[in-house]
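S.K.: Input structure: target32.pdb, which contains PDB, N, CA and C atoms.
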ATOM      1  N   MET D   1     -66.281 -60.518 -24.037  1.00  0.00           N
ATOM      2  CA  MET D   1     -67.237 -61.503 -23.553  1.00  0.00           C
ATOM      3  C   MET D   1     -67.665 -61.197 -22.120  1.00  0.00           C
ATOM      4  N   ILE D   2     -66.712 -60.884 -21.236  1.00  0.00           N
ATOM      5  CA  ILE D   2     -67.076 -60.616 -19.843  1.00  0.00           C
ATOM      6  C   ILE D   2     -68.004 -59.407 -19.741  1.00  0.00           C
ATOM      7  N   ASP D   3     -67.790 -58.419 -20.609  1.00  0.00           N
ATOM      8  CA  ASP D   3     -68.651 -57.237 -20.583  1.00  0.00           C
ATOM      9  C   ASP D   3     -70.110 -57.615 -20.844  1.00  0.00           C
ATOM     10  N   GLU D   4     -70.330 -58.483 -21.822  1.00  0.00           N
ATOM     11  CA  GLU D   4     -71.687 -58.930 -22.137  1.00  0.00           C
ATOM     12  C   GLU D   4     -72.292 -59.716 -20.980  1.00  0.00           C
ATOM     13  N   LEU D   5     -71.501 -60.557 -20.354  1.00  0.00           N
ATOM     14  CA  LEU D   5     -71.996 -61.345 -19.225  1.00  0.00           C
ATOM     15  C   LEU D   5     -72.368 -60.451 -18.045  1.00  0.00           C
ATOM     16  N   ILE D   6     -71.576 -59.444 -17.795  1.00  0.00           N
ATOM     17  CA  ILE D   6     -71.881 -58.521 -16.697  1.00  0.00           C
ATOM     18  C   ILE D   6     -73.175 -57.771 -16.990  1.00  0.00           C
ATOM     19  N   VAL D   7     -73.364 -57.327 -18.207  1.00  0.00           N
ATOM     20  CA  VAL D   7     -74.605 -56.635 -18.587  1.00  0.00           C
ATOM     21  C   VAL D   7     -75.799 -57.558 -18.402  1.00  0.00           C
ATOM     22  N   ARG D   8     -75.668 -58.809 -18.845  1.00  0.00           N
ATOM     23  CA  ARG D   8     -76.770 -59.776 -18.685  1.00  0.00           C
ATOM     24  C   ARG D   8     -77.059 -60.053 -17.220  1.00  0.00           C
ATOM     25  N   MET D   9     -76.010 -60.252 -16.432  1.00  0.00           N
ATOM     26  CA  MET D   9     -76.193 -60.534 -15.008  1.00  0.00           C
ATOM     27  C   MET D   9     -76.817 -59.339 -14.294  1.00  0.00           C
ATOM     28  N   ASP D  10     -76.364 -58.147 -14.632  1.00  0.00           N
ATOM     29  CA  ASP D  10     -76.914 -56.938 -14.034  1.00  0.00           C
ATOM     30  C   ASP D  10     -78.416 -56.837 -14.306  1.00  0.00           C
ATOM     31  N   LYS D  11     -78.796 -57.027 -15.547  1.00  0.00           N
ATOM     32  CA  LYS D  11     -80.217 -56.951 -15.918  1.00  0.00           C
ATOM     33  C   LYS D  11     -81.032 -58.040 -15.230  1.00  0.00           C
ATOM     34  N   TRP D  12     -80.505 -59.273 -15.232  1.00  0.00           N
ATOM     35  CA  TRP D  12     -81.247 -60.366 -14.632  1.00  0.00           C
ATOM     36  C   TRP D  12     -81.444 -60.132 -13.133  1.00  0.00           C
ATOM     37  N   LEU D  13     -80.395 -59.753 -12.444  1.00  0.00           N
ATOM     38  CA  LEU D  13     -80.525 -59.502 -11.005  1.00  0.00           C
ATOM     39  C   LEU D  13     -81.473 -58.340 -10.726  1.00  0.00           C
ATOM     40  N   ARG D  14     -81.371 -57.294 -11.493  1.00  0.00           N
ATOM     41  CA  ARG D  14     -82.252 -56.133 -11.310  1.00  0.00           C
ATOM     42  C   ARG D  14     -83.711 -56.528 -11.528  1.00  0.00           C
ATOM     43  N   ASP D  15     -83.963 -57.362 -12.529  1.00  0.00           N
ATOM     44  CA  ASP D  15     -85.334 -57.760 -12.863  1.00  0.00           C
ATOM     45  C   ASP D  15     -85.883 -58.868 -11.975  1.00  0.00           C
ATOM     46  N   ASN D  16     -85.023 -59.764 -11.503  1.00  0.00           N
ATOM     47  CA  ASN D  16     -85.491 -60.958 -10.799  1.00  0.00           C
ATOM     48  C   ASN D  16     -85.139 -61.034  -9.323  1.00  0.00           C
ATOM     49  N   ARG D  17     -84.159 -60.294  -8.904  1.00  0.00           N
ATOM     50  CA  ARG D  17     -83.725 -60.312  -7.500  1.00  0.00           C
ATOM     51  C   ARG D  17     -83.466 -58.886  -7.039  1.00  0.00           C
ATOM     52  N   ALA D  18     -84.475 -58.038  -7.183  1.00  0.00           N
ATOM     53  CA  ALA D  18     -84.313 -56.600  -6.939  1.00  0.00           C
ATOM     54  C   ALA D  18     -83.791 -56.296  -5.532  1.00  0.00           C
ATOM     55  N   ASP D  19     -84.306 -56.966  -4.520  1.00  0.00           N
ATOM     56  CA  ASP D  19     -83.837 -56.705  -3.152  1.00  0.00           C
ATOM     57  C   ASP D  19     -82.356 -57.042  -2.998  1.00  0.00           C
ATOM     58  N   TYR D  20     -81.977 -58.178  -3.532  1.00  0.00           N
ATOM     59  CA  TYR D  20     -80.567 -58.584  -3.472  1.00  0.00           C
ATOM     60  C   TYR D  20     -79.714 -57.610  -4.284  1.00  0.00           C
ATOM     61  N   TYR D  21     -80.171 -57.270  -5.461  1.00  0.00           N
ATOM     62  CA  TYR D  21     -79.431 -56.374  -6.357  1.00  0.00           C
ATOM     63  C   TYR D  21     -79.144 -55.033  -5.693  1.00  0.00           C
ATOM     64  N   THR D  22     -80.141 -54.455  -5.052  1.00  0.00           N
ATOM     65  CA  THR D  22     -79.946 -53.139  -4.445  1.00  0.00           C
ATOM     66  C   THR D  22     -79.019 -53.178  -3.239  1.00  0.00           C
ATOM     67  N   SER D  23     -78.808 -54.358  -2.671  1.00  0.00           N
ATOM     68  CA  SER D  23     -77.935 -54.460  -1.506  1.00  0.00           C
ATOM     69  C   SER D  23     -76.467 -54.671  -1.891  1.00  0.00           C
ATOM     70  N   LEU D  24     -76.198 -54.970  -3.145  1.00  0.00           N
ATOM     71  CA  LEU D  24     -74.811 -55.200  -3.562  1.00  0.00           C
ATOM     72  C   LEU D  24     -73.986 -53.931  -3.400  1.00  0.00           C
ATOM     73  N   LEU D  25     -72.740 -54.110  -3.059  1.00  0.00           N
ATOM     74  CA  LEU D  25     -71.837 -52.972  -2.885  1.00  0.00           C
ATOM     75  C   LEU D  25     -71.467 -52.382  -4.243  1.00  0.00           C
ATOM     76  N   ALA D  26     -71.176 -51.118  -4.232  1.00  0.00           N
ATOM     77  CA  ALA D  26     -70.720 -50.451  -5.455  1.00  0.00           C
ATOM     78  C   ALA D  26     -69.410 -51.084  -5.905  1.00  0.00           C
ATOM     79  N   GLY D  27     -69.080 -50.894  -7.154  1.00  0.00           N
ATOM     80  CA  GLY D  27     -67.833 -51.418  -7.693  1.00  0.00           C
ATOM     81  C   GLY D  27     -66.622 -50.767  -7.052  1.00  0.00           C
ATOM     82  N   THR D  28     -65.502 -51.425  -7.182  1.00  0.00           N
ATOM     83  CA  THR D  28     -64.261 -50.901  -6.615  1.00  0.00           C
ATOM     84  C   THR D  28     -63.541 -50.013  -7.635  1.00  0.00           C
ATOM     85  N   ASN D  29     -62.416 -49.483  -7.241  1.00  0.00           N
ATOM     86  CA  ASN D  29     -61.714 -48.540  -8.122  1.00  0.00           C
ATOM     87  C   ASN D  29     -60.244 -48.930  -8.271  1.00  0.00           C
ATOM     88  N   ASP D  30     -59.561 -48.211  -9.158  1.00  0.00           N
ATOM     89  CA  ASP D  30     -58.163 -48.526  -9.444  1.00  0.00           C
ATOM     90  C   ASP D  30     -57.266 -48.399  -8.216  1.00  0.00           C
ATOM     91  N   GLU D  31     -57.565 -47.465  -7.347  1.00  0.00           N
ATOM     92  CA  GLU D  31     -56.759 -47.298  -6.127  1.00  0.00           C
ATOM     93  C   GLU D  31     -56.840 -48.547  -5.252  1.00  0.00           C
ATOM     94  N   ALA D  32     -58.038 -49.085  -5.092  1.00  0.00           N
ATOM     95  CA  ALA D  32     -58.205 -50.299  -4.285  1.00  0.00           C
ATOM     96  C   ALA D  32     -57.501 -51.489  -4.934  1.00  0.00           C
ATOM     97  N   PHE D  33     -57.591 -51.589  -6.258  1.00  0.00           N
ATOM     98  CA  PHE D  33     -56.869 -52.659  -6.953  1.00  0.00           C
ATOM     99  C   PHE D  33     -55.367 -52.524  -6.726  1.00  0.00           C
ATOM    100  N   ALA D  34     -54.856 -51.317  -6.866  1.00  0.00           N
ATOM    101  CA  ALA D  34     -53.414 -51.073  -6.706  1.00  0.00           C
ATOM    102  C   ALA D  34     -52.961 -51.443  -5.298  1.00  0.00           C
ATOM    103  N   GLU D  35     -53.728 -51.070  -4.290  1.00  0.00           N
ATOM    104  CA  GLU D  35     -53.373 -51.406  -2.913  1.00  0.00           C
ATOM    105  C   GLU D  35     -53.347 -52.917  -2.702  1.00  0.00           C
ATOM    106  N   PHE D  36     -54.359 -53.595  -3.231  1.00  0.00           N
ATOM    107  CA  PHE D  36     -54.445 -55.051  -3.094  1.00  0.00           C
ATOM    108  C   PHE D  36     -53.262 -55.717  -3.786  1.00  0.00           C
ATOM    109  N   GLU D  37     -52.993 -55.295  -5.022  1.00  0.00           N
ATOM    110  CA  GLU D  37     -51.906 -55.893  -5.794  1.00  0.00           C
ATOM    111  C   GLU D  37     -50.548 -55.657  -5.132  1.00  0.00           C
ATOM    112  N   GLU D  38     -50.362 -54.488  -4.590  1.00  0.00           N
ATOM    113  CA  GLU D  38     -49.096 -54.195  -3.906  1.00  0.00           C
ATOM    114  C   GLU D  38     -48.955 -55.041  -2.644  1.00  0.00           C
ATOM    115  N   ARG D  39     -50.021 -55.130  -1.888  1.00  0.00           N
ATOM    116  CA  ARG D  39     -49.979 -55.898  -0.632  1.00  0.00           C
ATOM    117  C   ARG D  39     -49.644 -57.366  -0.872  1.00  0.00           C
ATOM    118  N   PHE D  40     -50.222 -57.938  -1.940  1.00  0.00           N
ATOM    119  CA  PHE D  40     -50.041 -59.366  -2.193  1.00  0.00           C
ATOM    120  C   PHE D  40     -49.062 -59.667  -3.328  1.00  0.00           C
ATOM    121  N   SER D  41     -48.413 -58.642  -3.837  1.00  0.00           N
ATOM    122  CA  SER D  41     -47.407 -58.787  -4.894  1.00  0.00           C
ATOM    123  C   SER D  41     -47.927 -59.598  -6.080  1.00  0.00           C
ATOM    124  N   LEU D  42     -49.054 -59.165  -6.612  1.00  0.00           N
ATOM    125  CA  LEU D  42     -49.631 -59.837  -7.765  1.00  0.00           C
ATOM    126  C   LEU D  42     -50.353 -58.850  -8.660  1.00  0.00           C
ATOM    127  N   ARG D  43     -50.732 -59.315  -9.829  1.00  0.00           N
ATOM    128  CA  ARG D  43     -51.487 -58.505 -10.787  1.00  0.00           C
ATOM    129  C   ARG D  43     -52.794 -59.223 -11.069  1.00  0.00           C
ATOM    130  N   LEU D  44     -53.921 -58.548 -10.803  1.00  0.00           N
ATOM    131  CA  LEU D  44     -55.237 -59.144 -11.021  1.00  0.00           C
ATOM    132  C   LEU D  44     -55.568 -59.163 -12.513  1.00  0.00           C
ATOM    133  N   PRO D  45     -56.198 -60.244 -12.984  1.00  0.00           N
ATOM    134  CA  PRO D  45     -56.582 -60.325 -14.392  1.00  0.00           C
ATOM    135  C   PRO D  45     -57.611 -59.254 -14.764  1.00  0.00           C
ATOM    136  N   GLY D  46     -57.599 -58.862 -16.027  1.00  0.00           N
ATOM    137  CA  GLY D  46     -58.502 -57.821 -16.515  1.00  0.00           C
ATOM    138  C   GLY D  46     -59.973 -58.138 -16.306  1.00  0.00           C
ATOM    139  N   ASP D  47     -60.381 -59.388 -16.557  1.00  0.00           N
ATOM    140  CA  ASP D  47     -61.790 -59.746 -16.381  1.00  0.00           C
ATOM    141  C   ASP D  47     -62.213 -59.681 -14.911  1.00  0.00           C
ATOM    142  N   PHE D  48     -61.307 -60.054 -14.023  1.00  0.00           N
ATOM    143  CA  PHE D  48     -61.587 -59.945 -12.591  1.00  0.00           C
ATOM    144  C   PHE D  48     -61.825 -58.481 -12.227  1.00  0.00           C
ATOM    145  N   ARG D  49     -60.979 -57.618 -12.743  1.00  0.00           N
ATOM    146  CA  ARG D  49     -61.116 -56.183 -12.483  1.00  0.00           C
ATOM    147  C   ARG D  49     -62.460 -55.667 -13.001  1.00  0.00           C
ATOM    148  N   LYS D  50     -62.843 -56.093 -14.185  1.00  0.00           N
ATOM    149  CA  LYS D  50     -64.125 -55.656 -14.759  1.00  0.00           C
ATOM    150  C   LYS D  50     -65.298 -56.087 -13.875  1.00  0.00           C
ATOM    151  N   LEU D  51     -65.264 -57.330 -13.412  1.00  0.00           N
ATOM    152  CA  LEU D  51     -66.341 -57.829 -12.557  1.00  0.00           C
ATOM    153  C   LEU D  51     -66.423 -57.025 -11.264  1.00  0.00           C
ATOM    154  N   TYR D  52     -65.279 -56.757 -10.651  1.00  0.00           N
ATOM    155  CA  TYR D  52     -65.290 -56.025  -9.383  1.00  0.00           C
ATOM    156  C   TYR D  52     -65.459 -54.520  -9.558  1.00  0.00           C
ATOM    157  N   ARG D  53     -65.289 -54.028 -10.766  1.00  0.00           N
ATOM    158  CA  ARG D  53     -65.661 -52.634 -11.036  1.00  0.00           C
ATOM    159  C   ARG D  53     -67.179 -52.508 -11.097  1.00  0.00           C
ATOM    160  N   TRP D  54     -67.837 -53.582 -11.520  1.00  0.00           N
ATOM    161  CA  TRP D  54     -69.302 -53.599 -11.568  1.00  0.00           C
ATOM    162  C   TRP D  54     -69.864 -53.618 -10.145  1.00  0.00           C
ATOM    163  N   ARG D  55     -69.498 -54.594  -9.353  1.00  0.00           N
ATOM    164  CA  ARG D  55     -69.946 -54.725  -7.959  1.00  0.00           C
ATOM    165  C   ARG D  55     -68.811 -55.331  -7.150  1.00  0.00           C
ATOM    166  N   ASN D  56     -68.736 -54.917  -5.898  1.00  0.00           N
ATOM    167  CA  ASN D  56     -67.681 -55.399  -5.008  1.00  0.00           C
ATOM    168  C   ASN D  56     -68.270 -56.256  -3.894  1.00  0.00           C
ATOM    169  N   GLY D  57     -69.107 -57.208  -4.274  1.00  0.00           N
ATOM    170  CA  GLY D  57     -69.656 -58.140  -3.301  1.00  0.00           C
ATOM    171  C   GLY D  57     -70.898 -57.606  -2.608  1.00  0.00           C
ATOM    172  N   GLN D  58     -71.130 -58.136  -1.430  1.00  0.00           N
ATOM    173  CA  GLN D  58     -72.299 -57.763  -0.636  1.00  0.00           C
ATOM    174  C   GLN D  58     -71.847 -57.426   0.778  1.00  0.00           C
ATOM    175  N   PRO D  59     -72.661 -56.676   1.508  1.00  0.00           N
ATOM    176  CA  PRO D  59     -72.287 -56.322   2.886  1.00  0.00           C
ATOM    177  C   PRO D  59     -72.114 -57.564   3.760  1.00  0.00           C
ATOM    178  N   ALA D  60     -71.200 -57.507   4.692  1.00  0.00           N
ATOM    179  CA  ALA D  60     -70.949 -58.640   5.593  1.00  0.00           C
ATOM    180  C   ALA D  60     -72.193 -59.009   6.394  1.00  0.00           C
ATOM    181  N   ARG D  61     -73.050 -58.047   6.666  1.00  0.00           N
ATOM    182  CA  ARG D  61     -74.238 -58.308   7.462  1.00  0.00           C
ATOM    183  C   ARG D  61     -75.343 -59.018   6.672  1.00  0.00           C
ATOM    184  N   GLN D  62     -75.181 -59.084   5.369  1.00  0.00           N
ATOM    185  CA  GLN D  62     -76.203 -59.717   4.524  1.00  0.00           C
ATOM    186  C   GLN D  62     -75.967 -61.206   4.467  1.00  0.00           C
ATOM    187  N   PHE D  63     -76.982 -61.966   4.812  1.00  0.00           N
ATOM    188  CA  PHE D  63     -76.853 -63.411   4.829  1.00  0.00           C
ATOM    189  C   PHE D  63     -77.423 -64.067   3.591  1.00  0.00           C
ATOM    190  N   ALA D  64     -78.208 -63.327   2.805  1.00  0.00           N
ATOM    191  CA  ALA D  64     -78.741 -63.878   1.562  1.00  0.00           C
ATOM    192  C   ALA D  64     -77.583 -64.117   0.604  1.00  0.00           C
ATOM    193  N   SER D  65     -77.564 -65.270  -0.001  1.00  0.00           N
ATOM    194  CA  SER D  65     -76.468 -65.559  -0.913  1.00  0.00           C
ATOM    195  C   SER D  65     -76.919 -65.356  -2.352  1.00  0.00           C
ATOM    196  N   PHE D  66     -75.943 -65.220  -3.198  1.00  0.00           N
ATOM    197  CA  PHE D  66     -76.221 -65.068  -4.625  1.00  0.00           C
ATOM    198  C   PHE D  66     -76.873 -66.330  -5.169  1.00  0.00           C
ATOM    199  N   GLN D  67     -76.444 -67.469  -4.683  1.00  0.00           N
ATOM    200  CA  GLN D  67     -76.921 -68.757  -5.164  1.00  0.00           C
ATOM    201  C   GLN D  67     -77.932 -69.350  -4.189  1.00  0.00           C
ATOM    202  N   ASP D  68     -78.935 -70.016  -4.718  1.00  0.00           N
ATOM    203  CA  ASP D  68     -79.934 -70.759  -3.917  1.00  0.00           C
ATOM    204  C   ASP D  68     -80.688 -69.886  -2.939  1.00  0.00           C
ATOM    205  N   ASN D  69     -81.002 -68.667  -3.306  1.00  0.00           N
ATOM    206  CA  ASN D  69     -81.782 -67.810  -2.418  1.00  0.00           C
ATOM    207  C   ASN D  69     -82.990 -67.324  -3.170  1.00  0.00           C
TER
END
Rewrite the coordinates I just gave you, this time as structure tokens.
M.R.:
Amino acid sequence: MIDELIVRMDKWLRDNRADYYTSLLAGTNDEAFAEFEERFSLRLPGDFRKLYRWRNGQPARQFASFQDN
């Protein structure tokens, strides 16, 4: 289910919010997940990992938000 939602969100953002979409950070990788999990002594859920493999947020300098922009 999460895979389908990510595909839909990716397409919608690309088609409707192109400027915002192109500014999103690339997805993260297993090494970054491992470092985070080790630091905080936890295991991230699979769907969370899938979402952050798609995109890893937006640059700190970007003030446009995902919602209401």
S.K.: Quote the spacing between atom C of Pro45 of chain D and atom N of Leu24 of chain D in Å to one decimal place.
M.R.: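 About the pair atom C of Pro45 of chain D and atom N of Leu24 of chain D: they are 22.3 Å apart.
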S.K.: As a check of understanding, name the residues that the PyMOL selection byres ((chain D and resi 26) around 6.5) selects in the supplied structure, as an NGL selection string.
M.R.: :D and (24-25 or 27-28 or 52-57)
S.K.: Nearest residue to Gln58 of chain D out of D:Thr22, D:Leu5, D:Asp15, D:Glu37, using only C-alpha atoms?
M.R.: D:Thr22
S.K.: At what distance in Å, to one decimal, does atom N of Lys50 of chain D lie from atom CA of Ala34 of chain D?
M.R.: 13.0 Å
S.K.: So the first atom is atom CA of Ser41 of chain D and the second is atom C of Asn29 of chain D; what is the distance between them in Å, to one decimal place?
M.R.: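 So the two atoms, atom CA of Ser41 of chain D and atom C of Asn29 of chain D, lie 16.5 Å apart.
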S.K.: Starting from the structure just given, write a file holding segment 10-49 of chain D with N, CA and C atoms, as a PDB file, in the first residue's frame.
M.R.:
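Writing done, so here's out-v6.pdb:
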ATOM      1  N   ASP D  10       4.347  11.092  -5.676  1.00  0.00           N
ATOM      2  CA  ASP D  10       5.422  11.517  -6.562  1.00  0.00           C
ATOM      3  C   ASP D  10       4.855  12.131  -7.843  1.00  0.00           C
ATOM      4  N   LYS D  11       3.916  11.445  -8.450  1.00  0.00           N
ATOM      5  CA  LYS D  11       3.303  11.945  -9.690  1.00  0.00           C
ATOM      6  C   LYS D  11       2.555  13.252  -9.456  1.00  0.00           C
ATOM      7  N   TRP D  12       1.774  13.307  -8.369  1.00  0.00           N
ATOM      8  CA  TRP D  12       1.000  14.506  -8.107  1.00  0.00           C
ATOM      9  C   TRP D  12       1.919  15.706  -7.870  1.00  0.00           C
ATOM     10  N   LEU D  13       2.931  15.532  -7.055  1.00  0.00           N
ATOM     11  CA  LEU D  13       3.854  16.642  -6.797  1.00  0.00           C
ATOM     12  C   LEU D  13       4.589  17.061  -8.067  1.00  0.00           C
ATOM     13  N   ARG D  14       5.023  16.110  -8.841  1.00  0.00           N
ATOM     14  CA  ARG D  14       5.730  16.416 -10.092  1.00  0.00           C
ATOM     15  C   ARG D  14       4.821  17.191 -11.044  1.00  0.00           C
ATOM     16  N   ASP D  15       3.553  16.804 -11.111  1.00  0.00           N
ATOM     17  CA  ASP D  15       2.609  17.439 -12.035  1.00  0.00           C
ATOM     18  C   ASP D  15       2.043  18.755 -11.520  1.00  0.00           C
ATOM     19  N   ASN D  16       1.887  18.889 -10.207  1.00  0.00           N
ATOM     20  CA  ASN D  16       1.182  20.042  -9.648  1.00  0.00           C
ATOM     21  C   ASN D  16       2.030  21.002  -8.831  1.00  0.00           C
ATOM     22  N   ARG D  17       3.155  20.555  -8.364  1.00  0.00           N
ATOM     23  CA  ARG D  17       4.038  21.396  -7.543  1.00  0.00           C
ATOM     24  C   ARG D  17       5.478  21.192  -7.989  1.00  0.00           C
ATOM     25  N   ALA D  18       5.723  21.409  -9.274  1.00  0.00           N
ATOM     26  CA  ALA D  18       7.023  21.090  -9.874  1.00  0.00           C
ATOM     27  C   ALA D  18       8.187  21.791  -9.167  1.00  0.00           C
ATOM     28  N   ASP D  19       8.038  23.057  -8.829  1.00  0.00           N
ATOM     29  CA  ASP D  19       9.129  23.770  -8.151  1.00  0.00           C
ATOM     30  C   ASP D  19       9.444  23.144  -6.795  1.00  0.00           C
ATOM     31  N   TYR D  20       8.401  22.845  -6.056  1.00  0.00           N
ATOM     32  CA  TYR D  20       8.588  22.207  -4.747  1.00  0.00           C
ATOM     33  C   TYR D  20       9.193  20.816  -4.931  1.00  0.00           C
ATOM     34  N   TYR D  21       8.674  20.071  -5.871  1.00  0.00           N
ATOM     35  CA  TYR D  21       9.135  18.701  -6.126  1.00  0.00           C
ATOM     36  C   TYR D  21      10.627  18.662  -6.433  1.00  0.00           C
ATOM     37  N   THR D  22      11.087  19.557  -7.286  1.00  0.00           N
ATOM     38  CA  THR D  22      12.499  19.534  -7.669  1.00  0.00           C
ATOM     39  C   THR D  22      13.423  19.948  -6.534  1.00  0.00           C
ATOM     40  N   SER D  23      12.882  20.606  -5.517  1.00  0.00           N
ATOM     41  CA  SER D  23      13.718  21.038  -4.401  1.00  0.00           C
ATOM     42  C   SER D  23      13.836  19.968  -3.311  1.00  0.00           C
ATOM     43  N   LEU D  24      13.022  18.935  -3.372  1.00  0.00           N
ATOM     44  CA  LEU D  24      13.081  17.892  -2.344  1.00  0.00           C
ATOM     45  C   LEU D  24      14.428  17.182  -2.378  1.00  0.00           C
ATOM     46  N   LEU D  25      14.886  16.788  -1.223  1.00  0.00           N
ATOM     47  CA  LEU D  25      16.163  16.081  -1.121  1.00  0.00           C
ATOM     48  C   LEU D  25      16.017  14.654  -1.642  1.00  0.00           C
ATOM     49  N   ALA D  26      17.100  14.133  -2.128  1.00  0.00           N
ATOM     50  CA  ALA D  26      17.114  12.738  -2.581  1.00  0.00           C
ATOM     51  C   ALA D  26      16.818  11.830  -1.395  1.00  0.00           C
ATOM     52  N   GLY D  27      16.406  10.625  -1.684  1.00  0.00           N
ATOM     53  CA  GLY D  27      16.125   9.653  -0.637  1.00  0.00           C
ATOM     54  C   GLY D  27      17.377   9.271   0.130  1.00  0.00           C
ATOM     55  N   THR D  28      17.170   8.724   1.298  1.00  0.00           N
ATOM     56  CA  THR D  28      18.293   8.305   2.133  1.00  0.00           C
ATOM     57  C   THR D  28      18.676   6.854   1.825  1.00  0.00           C
ATOM     58  N   ASN D  29      19.673   6.365   2.511  1.00  0.00           N
ATOM     59  CA  ASN D  29      20.165   5.016   2.206  1.00  0.00           C
ATOM     60  C   ASN D  29      20.272   4.178   3.480  1.00  0.00           C
ATOM     61  N   ASP D  30      20.583   2.899   3.285  1.00  0.00           N
ATOM     62  CA  ASP D  30      20.650   1.975   4.415  1.00  0.00           C
ATOM     63  C   ASP D  30      21.705   2.375   5.442  1.00  0.00           C
ATOM     64  N   GLU D  31      22.796   2.946   4.993  1.00  0.00           N
ATOM     65  CA  GLU D  31      23.847   3.380   5.927  1.00  0.00           C
ATOM     66  C   GLU D  31      23.321   4.461   6.868  1.00  0.00           C
ATOM     67  N   ALA D  32      22.590   5.420   6.323  1.00  0.00           N
ATOM     68  CA  ALA D  32      22.024   6.487   7.157  1.00  0.00           C
ATOM     69  C   ALA D  32      20.988   5.930   8.131  1.00  0.00           C
ATOM     70  N   PHE D  33      20.171   4.990   7.662  1.00  0.00           N
ATOM     71  CA  PHE D  33      19.209   4.352   8.566  1.00  0.00           C
ATOM     72  C   PHE D  33      19.934   3.635   9.700  1.00  0.00           C
ATOM     73  N   ALA D  34      20.966   2.889   9.359  1.00  0.00           N
ATOM     74  CA  ALA D  34      21.722   2.123  10.362  1.00  0.00           C
ATOM     75  C   ALA D  34      22.339   3.057  11.396  1.00  0.00           C
ATOM     76  N   GLU D  35      22.914   4.162  10.957  1.00  0.00           N
ATOM     77  CA  GLU D  35      23.509   5.119  11.887  1.00  0.00           C
ATOM     78  C   GLU D  35      22.458   5.702  12.827  1.00  0.00           C
ATOM     79  N   PHE D  36      21.312   6.065  12.264  1.00  0.00           N
ATOM     80  CA  PHE D  36      20.227   6.640  13.063  1.00  0.00           C
ATOM     81  C   PHE D  36      19.733   5.627  14.088  1.00  0.00           C
ATOM     82  N   GLU D  37      19.488   4.400  13.628  1.00  0.00           N
ATOM     83  CA  GLU D  37      18.972   3.360  14.515  1.00  0.00           C
ATOM     84  C   GLU D  37      19.962   3.030  15.633  1.00  0.00           C
ATOM     85  N   GLU D  38      21.221   3.005  15.305  1.00  0.00           N
ATOM     86  CA  GLU D  38      22.236   2.729  16.329  1.00  0.00           C
ATOM     87  C   GLU D  38      22.304   3.865  17.344  1.00  0.00           C
ATOM     88  N   ARG D  39      22.285   5.079  16.853  1.00  0.00           N
ATOM     89  CA  ARG D  39      22.375   6.245  17.748  1.00  0.00           C
ATOM     90  C   ARG D  39      21.219   6.293  18.741  1.00  0.00           C
ATOM     91  N   PHE D  40      20.011   5.964  18.258  1.00  0.00           N
ATOM     92  CA  PHE D  40      18.827   6.078  19.108  1.00  0.00           C
ATOM     93  C   PHE D  40      18.311   4.734  19.623  1.00  0.00           C
ATOM     94  N   SER D  41      19.049   3.677  19.361  1.00  0.00           N
ATOM     95  CA  SER D  41      18.706   2.332  19.835  1.00  0.00           C
ATOM     96  C   SER D  41      17.268   1.947  19.490  1.00  0.00           C
ATOM     97  N   LEU D  42      16.944   2.053  18.215  1.00  0.00           N
ATOM     98  CA  LEU D  42      15.612   1.686  17.760  1.00  0.00           C
ATOM     99  C   LEU D  42      15.658   1.121  16.355  1.00  0.00           C
ATOM    100  N   ARG D  43      14.546   0.569  15.927  1.00  0.00           N
ATOM    101  CA  ARG D  43      14.409   0.027  14.575  1.00  0.00           C
ATOM    102  C   ARG D  43      13.266   0.759  13.897  1.00  0.00           C
ATOM    103  N   LEU D  44      13.557   1.409  12.761  1.00  0.00           N
ATOM    104  CA  LEU D  44      12.540   2.161  12.029  1.00  0.00           C
ATOM    105  C   LEU D  44      11.616   1.205  11.276  1.00  0.00           C
ATOM    106  N   PRO D  45      10.314   1.511  11.246  1.00  0.00           N
ATOM    107  CA  PRO D  45       9.370   0.668  10.517  1.00  0.00           C
ATOM    108  C   PRO D  45       9.658   0.656   9.014  1.00  0.00           C
ATOM    109  N   GLY D  46       9.291  -0.437   8.368  1.00  0.00           N
ATOM    110  CA  GLY D  46       9.535  -0.600   6.936  1.00  0.00           C
ATOM    111  C   GLY D  46       8.912   0.488   6.078  1.00  0.00           C
ATOM    112  N   ASP D  47       7.672   0.887   6.386  1.00  0.00           N
ATOM    113  CA  ASP D  47       7.020   1.926   5.587  1.00  0.00           C
ATOM    114  C   ASP D  47       7.717   3.281   5.739  1.00  0.00           C
ATOM    115  N   PHE D  48       8.205   3.558   6.937  1.00  0.00           N
ATOM    116  CA  PHE D  48       8.964   4.789   7.158  1.00  0.00           C
ATOM    117  C   PHE D  48      10.216   4.783   6.284  1.00  0.00           C
ATOM    118  N   ARG D  49      10.890   3.655   6.258  1.00  0.00           N
ATOM    119  CA  ARG D  49      12.097   3.520   5.440  1.00  0.00           C
ATOM    120  C   ARG D  49      11.773   3.735   3.960  1.00  0.00           C
TER     121      ARG D  49
END
